[in-house]
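> My structure is below; once you've seen it, I'll send some questions.
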Amino acid sequence: MRHLSLFIALALLAGCASSGGRPEDVDYAREALLQSVSAYQICLKENNGDPKECDGLANLQKADEKRLERLTSQK
């Protein structure tokens, strides 16, 4: 009986862990996205709106968007 209780508890914990991203992970991803958007906007402003000069930051912004989307869609 003791093993059964332990198994049920572990199964419940595993279910909770896989139901979505931890709130701190989502908060971190959201903050990272805000920072990458801000950096991209600053780059565009400093380079007269030339997106070629800011390709790396645009790619970072897209990656941050995907990470946040993945974490929030796991719920």
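How things are named: the first chain in the structure tokens is A, the next is B, and so on; residues count from 1 in each chain; ligands count from 1 in the order shown.
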Show me, as a list of chain:residue names, the residues that have an atom within 8 Å of Leu68 in chain A when counting only C-alpha atoms, minus same-chain residues fewer than 3 positions from it.
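Close residues of Leu68 in chain A: A:Val26, A:Ala29, A:Arg30, A:Leu33, A:Asp64, A:Glu65, A:Leu71, A:Thr72.
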> Those residues you just picked out, can you put them in a file as a CSV table (one decimal), in the first residue's frame with N, CA and C atoms?

chain,number,residue,atom,x,y,z
A,26,VAL,N,7.6,31.2,-17.6
A,26,VAL,CA,6.8,32.0,-18.4
A,26,VAL,C,7.1,33.5,-18.2
A,29,ALA,N,10.5,34.2,-19.9
A,29,ALA,CA,10.3,34.2,-21.3
A,29,ALA,C,9.6,35.5,-21.8
A,30,ARG,N,8.7,35.9,-21.0
A,30,ARG,CA,8.0,37.2,-21.3
A,30,ARG,C,8.9,38.4,-21.2
A,33,LEU,N,11.4,38.4,-24.1
A,33,LEU,CA,10.8,38.9,-25.3
A,33,LEU,C,10.7,40.4,-25.3
A,64,ASP,N,12.5,34.3,-29.1
A,64,ASP,CA,11.8,34.6,-27.8
A,64,ASP,C,10.3,34.4,-28.0
A,65,GLU,N,9.8,34.9,-29.1
A,65,GLU,CA,8.3,34.7,-29.3
A,65,GLU,C,7.9,33.3,-29.4
A,71,LEU,N,5.7,27.9,-24.2
A,71,LEU,CA,5.4,27.8,-22.8
A,71,LEU,C,4.0,28.0,-22.4
A,72,THR,N,3.4,29.0,-23.1
A,72,THR,CA,2.0,29.3,-22.8
A,72,THR,C,1.0,28.4,-23.4
> Find the residues around Gln61 in chain A up to 9 Å (only C-alpha atoms counted), leave out those fewer than 4 positions away in its own chain, and share them as a PyMOL selection string.
chain A and resi 32-37+39-40+56-57+65-66
> To one decimal place, how far is CA of Glu24 in chain A from CA of Ala58 in chain A in Å?
24.4 Å
> CA of Tyr28 in chain A to CA of Gln41 in chain A: how many Å, to one decimal?
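That distance, rounded to one decimal, is 20.0 Å.
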> If you measure from CA of Glu31 in chain A to CA of Lys45 in chain A, what distance in Å do you get, rounded to one decimal?
21.2 Å
